[in-house]
$ cat upload.csv   # CSV, C-alpha atoms and all ligand atoms
chain,number,residue,atom,x,y,z
A,55,MET,CA,-5.5,55.7,128.6
A,56,GLN,CA,-3.9,56.7,125.3
A,57,SER,CA,-0.3,55.8,124.4
A,58,CYS,CA,2.4,58.4,124.0
A,59,LYS,CA,2.3,58.0,120.3
A,60,GLU,CA,-1.4,58.6,120.1
A,61,VAL,CA,-1.1,61.7,122.3
A,62,ARG,CA,1.7,63.0,120.1
A,63,MET,CA,-0.6,62.5,117.1
A,64,HIS,CA,-3.4,64.3,118.9
A,65,PHE,CA,-1.1,67.2,119.5
A,66,ARG,CA,0.1,67.2,115.9
A,67,ASN,CA,-3.5,67.4,114.7
A,68,ASN,CA,-4.5,70.0,117.1
A,69,HIS,CA,-3.7,73.3,115.6
A,70,ALA,CA,-4.2,75.3,118.7
A,71,ALA,CA,-1.8,73.1,120.7
A,72,ALA,CA,0.8,73.4,118.0
A,73,VAL,CA,0.5,77.2,117.9
A,74,ALA,CA,0.7,77.3,121.7
A,75,ILE,CA,3.8,75.2,121.7
A,76,ALA,CA,5.4,77.3,119.0
A,77,ALA,CA,4.6,80.4,121.0
A,78,ALA,CA,6.0,78.8,124.1
A,79,VAL,CA,9.2,78.0,122.3
A,80,LEU,CA,9.4,81.6,121.1
A,81,LEU,CA,8.8,82.8,124.6
A,82,LEU,CA,11.5,80.5,125.7
A,83,SER,CA,14.2,82.4,123.8
A,84,GLY,CA,13.1,85.4,125.9
A,85,LYS,CA,13.2,83.3,129.0
A,86,VAL,CA,16.6,82.0,128.3
A,87,SER,CA,18.1,85.4,127.9
A,88,VAL,CA,16.5,86.5,131.1
A,89,SER,CA,18.1,83.6,133.0
A,90,ALA,CA,21.4,84.6,131.4
A,91,GLN,CA,21.2,87.8,133.5
A,92,ASP,CA,19.8,90.0,130.6
A,93,THR,CA,16.7,91.5,132.0
A,94,SER,CA,15.5,93.1,128.8
A,95,GLY,CA,12.9,90.3,128.2
A,96,ILE,CA,11.1,90.8,131.5
A,97,THR,CA,8.5,93.3,130.3
A,98,ARG,CA,7.4,90.9,127.6
A,99,LEU,CA,7.1,88.1,130.1
A,100,THR,CA,5.6,90.1,133.0
A,101,PRO,CA,2.1,88.5,133.2
A,102,ALA,CA,3.3,84.9,133.6
A,103,ALA,CA,6.6,85.7,135.3
A,104,MET,CA,5.0,87.9,137.9
A,105,GLU,CA,2.3,85.5,138.8
A,106,PRO,CA,2.2,84.7,142.5
A,107,VAL,CA,2.6,81.1,143.4
A,108,LYS,CA,0.6,79.4,146.2
A,109,SER,CA,2.5,77.3,148.7
A,110,GLY,CA,2.6,73.6,147.9
A,111,VAL,CA,3.1,73.7,144.1
A,112,SER,CA,4.6,70.4,142.9
A,113,LEU,CA,5.4,68.5,139.8
A,114,PRO,CA,2.2,67.7,137.7
A,115,GLU,CA,1.3,64.1,137.5
A,116,GLY,CA,0.4,62.2,134.3
A,117,ALA,CA,3.4,63.3,132.2
A,118,LEU,CA,3.3,61.4,128.9
A,119,ASP,CA,6.1,62.7,126.7
A,120,THR,CA,8.6,65.5,126.3
A,121,LEU,CA,9.4,67.6,123.2
A,122,ASP,CA,12.7,69.4,122.6
A,123,THR,CA,12.7,73.2,122.4
A,124,ALA,CA,15.3,75.5,120.9
A,125,ASP,CA,17.0,75.5,124.2
A,126,PRO,CA,18.6,72.2,125.1
A,127,ARG,CA,18.0,72.9,128.8
A,128,ILE,CA,14.3,73.2,128.5
A,129,LYS,CA,11.7,70.8,127.2
A,130,VAL,CA,8.0,70.8,126.8
A,131,LEU,CA,6.2,68.2,128.9
A,132,LEU,CA,3.0,66.8,127.4
A,133,LEU,CA,0.4,65.8,130.0
A,134,SER,CA,-2.4,63.2,129.9
A,135,ASP,CA,-5.0,65.9,130.1
A,136,TYR,CA,-3.7,67.3,126.7
A,137,THR,CA,-2.1,70.3,128.3
A,138,TRP,CA,1.6,71.0,128.3
A,139,ARG,CA,4.2,72.6,130.5
A,140,PHE,CA,7.8,73.6,130.4
A,141,ILE,CA,10.3,71.5,132.2
A,142,LYS,CA,14.0,72.1,132.9
A,143,ASP,CA,16.6,69.4,132.4
A,144,PRO,CA,17.4,68.7,136.0
A,145,THR,CA,21.0,67.8,135.3
A,146,TYR,CA,21.6,71.2,133.8
A,147,ALA,CA,22.4,73.1,137.0
A,148,ARG,CA,24.6,70.2,138.1
A,149,ASP,CA,26.6,70.6,135.0
A,150,GLU,CA,26.8,74.4,135.5
A,151,GLY,CA,28.8,74.2,138.6
A,152,ILE,CA,26.1,75.6,140.8
A,153,PHE,CA,26.4,72.5,143.1
A,154,THR,CA,30.2,72.3,142.9
A,155,GLU,CA,31.6,75.8,143.1
A,156,TYR,CA,32.0,77.1,146.7
A,157,TRP,CA,30.4,73.9,147.9
A,158,ASP,CA,31.2,73.6,151.6
A,159,THR,CA,29.5,71.5,154.2
A,160,GLU,CA,31.2,73.2,157.2
A,161,LEU,CA,31.0,77.0,156.5
A,162,ALA,CA,27.7,78.9,156.4
A,163,VAL,CA,29.1,81.4,153.9
A,164,PRO,CA,31.9,79.8,151.8
A,165,TYR,CA,31.7,82.3,148.9
A,166,ARG,CA,34.6,84.7,148.4
A,167,MET,CA,32.9,87.1,146.0
A,168,PRO,CA,33.7,90.8,146.2
A,169,ALA,CA,30.5,92.9,146.2
A,170,ASP,CA,31.6,94.7,143.1
A,171,SER,CA,31.7,91.4,141.1
A,172,LEU,CA,28.0,91.1,141.6
A,173,PRO,CA,25.7,92.2,138.7
A,174,SER,CA,23.5,95.2,139.4
A,175,GLN,CA,20.6,92.9,139.0
A,176,VAL,CA,20.0,89.3,138.2
A,177,ALA,CA,16.8,87.7,137.1
A,178,LEU,CA,16.1,84.4,138.7
A,179,TRP,CA,13.4,81.9,137.9
A,180,ILE,CA,12.2,80.8,141.3
A,181,VAL,CA,9.4,78.4,140.2
A,182,ASP,CA,8.7,76.7,136.9
A,183,THR,CA,6.8,73.5,136.2
A,184,LEU,CA,9.6,71.4,137.5
A,185,SER,CA,10.6,73.5,140.4
A,186,GLY,CA,8.0,73.8,143.1
A,187,TYR,CA,7.6,76.1,146.0
A,188,HIS,CA,6.5,75.6,149.6
A,189,CYS,CA,6.3,78.2,152.3
A,190,PRO,CA,8.9,77.3,155.0
A,191,HIS,CA,6.5,78.3,157.7
A,192,GLN,CA,3.4,80.4,157.2
A,193,THR,CA,2.9,83.1,159.8
A,194,GLU,CA,3.5,86.8,160.4
A,195,VAL,CA,7.1,87.9,160.5
A,196,CYS,CA,7.9,88.8,164.1
A,197,SER,CA,11.3,90.3,163.4
A,198,LYS,CA,12.3,91.7,160.0
A,199,PHE,CA,15.5,91.8,158.0
A,200,GLY,CA,17.7,94.9,158.5
A,201,TYR,CA,19.8,96.8,161.0
A,202,ARG,CA,19.0,96.6,164.6
A,203,HIS,CA,21.3,98.1,167.3
A,204,ARG,CA,24.1,98.4,164.8
A,205,ARG,CA,23.9,94.7,164.1
A,206,ARG,CA,22.7,93.3,160.9
A,207,HIS,CA,19.8,90.9,161.1
A,208,GLN,CA,20.4,88.7,158.0
A,209,GLY,CA,17.0,87.1,157.7
A,210,CYS,CA,13.5,87.3,159.1
A,211,ASP,CA,12.1,85.6,162.2
A,212,LEU,CA,8.9,83.4,162.0
A,213,PRO,CA,7.5,82.4,165.4
A,214,LEU,CA,6.5,78.8,165.8
A,215,PRO,CA,5.9,76.2,168.5
A,216,THR,CA,8.9,73.9,169.0
A,217,GLY,CA,8.4,70.7,167.0
A,218,THR,CA,6.6,72.4,164.1
A,219,PRO,CA,7.7,71.0,160.7
A,220,VAL,CA,9.9,73.4,158.7
A,221,TYR,CA,9.7,73.0,154.9
A,222,SER,CA,12.3,73.6,152.2
A,223,ALA,CA,11.1,76.6,150.2
A,224,PHE,CA,12.4,75.2,146.8
A,225,ASP,CA,14.0,72.2,145.3
A,226,GLY,CA,17.7,71.9,145.8
A,227,LYS,CA,20.6,70.2,147.4
A,228,VAL,CA,21.4,70.3,151.2
A,229,ARG,CA,24.8,72.0,151.6
A,230,LEU,CA,25.1,72.2,155.3
A,231,ALA,CA,23.1,70.5,158.2
A,232,LYS,CA,24.6,70.8,161.6
A,233,TYR,CA,24.8,72.8,164.8
A,234,TYR,CA,26.3,76.2,164.0
A,235,SER,CA,27.4,78.9,166.4
A,236,GLY,CA,24.6,81.5,166.8
A,237,TYR,CA,22.3,79.8,164.3
A,238,GLY,CA,21.8,76.7,166.5
A,239,ASN,CA,20.7,73.7,164.4
A,240,LEU,CA,21.1,75.0,160.9
A,241,VAL,CA,20.1,73.7,157.5
A,242,ILE,CA,21.4,75.4,154.3
A,243,ILE,CA,19.9,74.4,150.9
A,244,ARG,CA,21.4,75.5,147.6
A,245,HIS,CA,18.9,75.9,144.8
A,246,GLU,CA,19.4,75.5,141.1
A,247,ASN,CA,19.3,79.2,140.4
A,248,GLY,CA,22.1,79.8,142.8
A,249,LEU,CA,20.0,81.1,145.7
A,250,GLU,CA,20.6,79.6,149.1
A,251,THR,CA,18.0,79.4,151.9
A,252,PHE,CA,18.9,79.1,155.6
A,253,TYR,CA,16.7,77.5,158.3
A,254,ALA,CA,18.0,78.2,161.8
A,255,HIS,CA,17.3,77.5,165.5
A,256,LEU,CA,15.8,74.1,164.6
A,257,SER,CA,15.1,71.5,167.4
A,258,LYS,CA,15.7,68.6,165.0
A,259,ILE,CA,17.4,68.2,161.6
A,260,TYR,CA,16.0,65.7,159.2
A,261,VAL,CA,18.3,66.1,156.2
A,262,LYS,CA,22.1,65.7,155.6
A,263,PRO,CA,24.6,67.4,153.3
A,264,GLY,CA,24.3,66.0,149.7
A,265,ASP,CA,20.6,65.2,149.9
A,266,TRP,CA,18.6,66.3,146.8
A,267,ILE,CA,15.3,67.5,148.1
A,268,SER,CA,12.2,69.1,146.7
A,269,ALA,CA,10.1,72.0,147.8
A,270,GLY,CA,8.0,71.0,150.7
A,271,THR,CA,10.5,68.5,152.1
A,272,VAL,CA,10.5,68.7,155.9
A,273,VAL,CA,14.1,69.8,156.6
A,274,GLY,CA,13.6,69.7,160.4
A,275,LEU,CA,11.5,70.8,163.3
A,276,GLY,CA,11.3,74.4,164.6
A,277,GLY,CA,13.0,75.2,167.9
A,278,SER,CA,15.1,77.6,169.8
A,279,THR,CA,18.7,76.3,169.6
A,280,GLY,CA,21.6,78.6,169.2
A,281,ARG,CA,21.3,82.3,170.1
A,282,SER,CA,17.6,82.4,170.5
A,283,THR,CA,15.4,83.3,173.4
A,284,GLY,CA,12.2,81.6,172.2
A,285,PRO,CA,11.1,79.1,169.5
A,286,HIS,CA,11.2,80.7,166.1
A,287,LEU,CA,12.5,80.0,162.6
A,288,HIS,CA,15.2,82.3,161.5
A,289,PHE,CA,15.0,82.2,157.7
A,290,GLU,CA,17.6,83.7,155.4
A,291,THR,CA,17.9,84.0,151.6
A,292,ARG,CA,21.3,84.6,150.1
A,293,TYR,CA,22.8,84.9,146.7
A,294,LYS,CA,26.6,84.4,146.4
A,295,GLY,CA,26.7,84.7,150.2
A,296,TYR,CA,25.0,88.0,150.3
A,297,ALA,CA,21.8,88.1,152.3
A,298,PHE,CA,18.7,90.0,151.2
A,299,ASP,CA,15.2,90.3,152.8
A,300,PRO,CA,13.3,87.1,152.3
A,301,GLU,CA,10.1,89.1,152.2
A,302,TRP,CA,11.1,90.3,148.7
A,303,LEU,CA,10.4,86.7,147.7
A,304,ILE,CA,7.7,85.4,150.1
A,305,ASP,CA,4.7,86.9,151.7
A,306,PHE,CA,4.9,84.8,154.9
A,307,LYS,CA,1.5,85.9,156.2
A,308,THR,CA,-0.3,84.3,153.2
A,309,GLY,CA,2.4,81.8,152.5
A,310,THR,CA,2.6,83.0,148.9
A,311,LEU,CA,5.6,83.3,146.6
A,312,ARG,CA,5.3,86.9,145.3
A,313,HIS,CA,6.6,86.1,141.7
A,314,ARG,CA,7.7,83.3,139.6
A,315,LEU,CA,10.5,85.4,138.2
A,316,PHE,CA,12.5,87.3,140.8
A,317,VAL,CA,14.6,90.2,139.8
A,318,LEU,CA,17.3,90.4,142.5
A,319,LYS,CA,18.7,93.9,142.7
A,320,LYS,CA,22.1,94.6,144.1
A,321,LYS,CA,20.7,97.3,146.4
A,322,TYR,CA,18.6,94.6,148.2
A,323,PHE,CA,21.9,93.3,149.8
A,324,ASN,CA,22.1,96.6,151.7
A,325,ALA,CA,20.1,96.4,154.9
A,326,GLY,CA,19.8,100.1,154.7
A,327,ALA,CA,19.1,102.5,157.6
A,328,ARG,CA,15.3,102.2,157.5
A,329,TYR,CA,13.4,101.7,160.7
A,330,VAL,CA,12.4,98.1,161.3
A,331,PRO,CA,9.9,97.2,164.0
A,332,GLU,CA,11.5,94.8,166.4
A,333,SER,CA,10.1,92.0,168.5
A,334,ASP,CA,11.0,92.0,172.2
A,335,GLN,CA,12.3,88.5,172.0
A,336,GLU,CA,14.8,89.3,169.2
A,337,GLU,CA,15.7,92.6,170.9
A,338,ILE,CA,16.8,90.7,174.0
A,339,ASP,CA,18.6,88.3,171.7
A,340,ILE,CA,20.5,91.1,170.0
A,341,LEU,CA,21.2,93.0,173.2
A,342,GLU,CA,22.6,89.9,174.8
A,343,GLY,CA,24.8,89.5,171.7
A,344,ASP,CA,26.0,93.1,172.0
A,345,ALA,CA,26.7,92.8,175.7
A,346,LYS,CA,28.7,89.7,175.1
A,347,ASP,CA,30.7,91.4,172.4
A,348,LYS,CA,31.4,94.4,174.7
A,349,GLU,CA,32.4,92.1,177.5
A,350,GLU,CA,34.8,90.3,175.3
A,351,ALA,CA,36.2,93.6,173.9
A,352,ALA,CA,36.7,94.9,177.5
A,353,LYS,CA,38.5,91.7,178.5
A,354,LEU,CA,40.7,91.9,175.5
A,355,GLU,CA,41.6,95.5,176.3
A,356,GLN,CA,42.4,94.6,179.9
A,357,ALA,CA,44.6,91.7,178.9
A,358,LYS,CA,46.4,94.1,176.5
A,359,LYS,CA,47.0,96.6,179.3
A,360,ALA,CA,48.1,93.9,181.7
A,361,LYS,CA,50.6,92.6,179.2
A,362,ALA,CA,51.9,96.0,178.5
A,363,ASN,CA,52.3,96.8,182.2
A,364,SER,CA,54.0,93.5,183.0
A,365,SER,CA,56.7,94.2,180.5
A,366,ALA,CA,57.1,97.9,181.4
A,367,LYS,CA,60.6,99.1,182.4
A,368,TYR,CA,61.6,102.4,184.1
A,369,TYR,CA,64.8,104.3,184.3
A,370,THR,CA,65.7,106.9,187.0
A,371,ILE,CA,66.9,110.1,185.4
A,372,ARG,CA,70.4,111.2,186.4
A,373,LYS,CA,72.1,114.6,186.1
A,374,GLY,CA,73.3,115.3,182.6
A,375,ASP,CA,70.9,112.8,181.0
A,376,THR,CA,69.3,113.6,177.7
A,377,LEU,CA,66.5,111.8,175.9
A,378,GLY,CA,69.1,110.8,173.3
A,379,LYS,CA,71.4,109.2,175.9
A,380,ILE,CA,68.6,107.4,177.7
A,381,ALA,CA,67.3,106.1,174.4
A,382,ALA,CA,70.7,104.8,173.3
A,383,ARG,CA,71.3,103.2,176.7
A,384,ASN,CA,68.0,101.4,176.6
A,385,ARG,CA,68.1,100.5,173.0
A,386,THR,CA,65.1,102.5,172.0
A,387,THR,CA,64.4,105.8,170.2
A,388,VAL,CA,63.6,109.3,171.4
A,389,LYS,CA,60.3,109.2,169.5
A,390,LYS,CA,59.3,106.0,171.4
A,391,LEU,CA,60.3,107.5,174.7
A,392,CYS,CA,58.2,110.6,174.0
A,393,ARG,CA,55.2,108.4,173.0
A,394,LEU,CA,55.5,106.2,176.1
A,395,ASN,CA,55.7,109.0,178.5
A,396,GLY,CA,53.5,111.6,176.8
A,397,ILE,CA,56.3,114.1,176.6
A,398,SER,CA,58.0,116.1,173.8
A,399,GLU,CA,61.6,116.2,172.8
A,400,ARG,CA,61.9,119.6,174.6
A,401,THR,CA,60.6,118.4,177.9
A,402,VAL,CA,63.1,119.2,180.7
A,403,LEU,CA,64.4,116.0,182.4
A,404,ARG,CA,64.5,116.3,186.2
A,405,PRO,CA,67.1,114.1,187.9
A,406,GLY,CA,65.6,111.6,190.3
A,407,ARG,CA,62.4,111.2,188.3
A,408,LYS,CA,61.4,108.0,186.6
A,409,ILE,CA,60.9,107.6,182.9
A,410,ARG,CA,59.4,104.7,181.2
A,411,VAL,CA,61.7,103.2,178.6
A,412,ARG,CA,59.7,100.1,177.6
B,1,ZN,ZN,16.6,86.0,163.3

$ encode --input "upload.csv" --output "structure tokens"
Amino acid sequence: MQSCKEVRMHFRNNHAAAVAIAAAVLLLSGKVSVSAQDTSGITRLTPAAMEPVKSGVSLPEGALDTLDTADPRIKVLLLSDYTWRFIKDPTYARDEGIFTEYWDTELAVPYRMPADSLPSQVALWIVDTLSGYHCPHQTEVCSKFGYRHRRRHQGCDLPLPTGTPVYSAFDGKVRLAKYYSGYGNLVIIRHENGLETFYAHLSKIYVKPGDWISAGTVVGLGGSTGRSTGPHLHFETRYKGYAFDPEWLIDFKTGTLRHRLFVLKKKYFNAGARYVPESDQEEIDILEGDAKDKEEAAKLEQAKKAKANSSAKYYTIRKGDTLGKIAARNRTTVKKLCRLNGISERTVLRPGRKIRVR
């Protein structure tokens, strides 16, 4: 095994490697502007950036040394097989406030960002040589993202037998890990690029808030907790609290990440009115939810009426009464009397009849 110094020498003497590194550093200036939300460099980077990534990519072994690049956040990693890769300074995102701003271990969506404050599109590096990827659970999506029965389905559903390991898709820090109304046992992980991933209905949780985890860490076991009628993983991807279809990122059937560089467009946050095939299971789920909502709304309405009726007060009209007199006597207004009784100011008042005054 060669020492670091020797390897560095080797690289210095190897013209091809030097050119490659120089090119890489040049490429990096494009990469940096991309991550700074300027998408003009994308076309140039397309071949590498749009490369699909197989599930299970992890940090290469045999790192010997690092070289600085023009960007202090990014370094070139020299490997023992004389190849090199980019790496990010892992402390960078921590310094950027990604893991401190809107950091909440209790609320699923702590962001308070108005929709119009979001950029029309943002380029996010999903995977580089330091940030791996692992499919949370590889299977065909049984219920997709979008509107169903007027209710928004904020993620996609992946059927699985209870007890199946569920993996973190990317590296990140656990923000929330607890039982959450509707979601059941829920794990939320925030990633360096600002994305958040949600893993819901778990039967068991294996992580806790504050844990730094890498792609492929088992965050828990699949299950059917919360509002769920059968075991499945409800998986969400969010940016600044806004959900978008995880299928933009991941092909769950093959388990492949579609691109290294993901251009998140604002329009993705809109579930749209498109037809989405639904699973029977989730349909029952949603219908039950709707029925419950209706039930609660009806109860509320009834309670309102009951309260109004219990405080109702009537007055028996006497000869010579006018709406003005009745209003004054009962400390109300003519307008209110009209509204309460469904009459107009010109309605003839018949003595002996009752009029509601409150
Ligand atoms: Zn779901």

$ residues_near_ligand --input "upload.csv" --ligand "ligand ZN 1 (chain B)" --cutoff "9 Å" --atoms "all atoms listed in the file" --output "number ranges by chain"
A: 197-199, 207-212, 237, 254-255, 282, 286-290, 336, 339

$ closest_residue --input "upload.csv" --among "A:Pro300, A:Gly284, A:Gly270, A:Pro173" --to "Arg312 of chain A" --atoms "only C-alpha atoms"
A:Pro300

$ residues_around --input "upload.csv" --residues "Gly276 of chain A" --least-positions-apart "5" --cutoff "9 Å" --atoms "all atoms listed in the file" --output "PyMOL selection string"
chain A and resi 213-220+253-258+285-287

$ atom_distance --input "upload.csv" --atom1 "atom CA of Arg139 of chain A" --atom2 "atom CA of Thr271 of chain A"
22.9 Å

$ residues_around --input "upload.csv" --residues "Val107 of chain A" --least-positions-apart "4" --cutoff "7 Å" --atoms "only C-alpha atoms" --output "PyMOL selection string"
chain A and resi 310-314

$ atom_distance --input "upload.csv" --atom1 "atom CA of Arg205 of chain A" --atom2 "atom CA of Leu275 of chain A"
26.9 Å
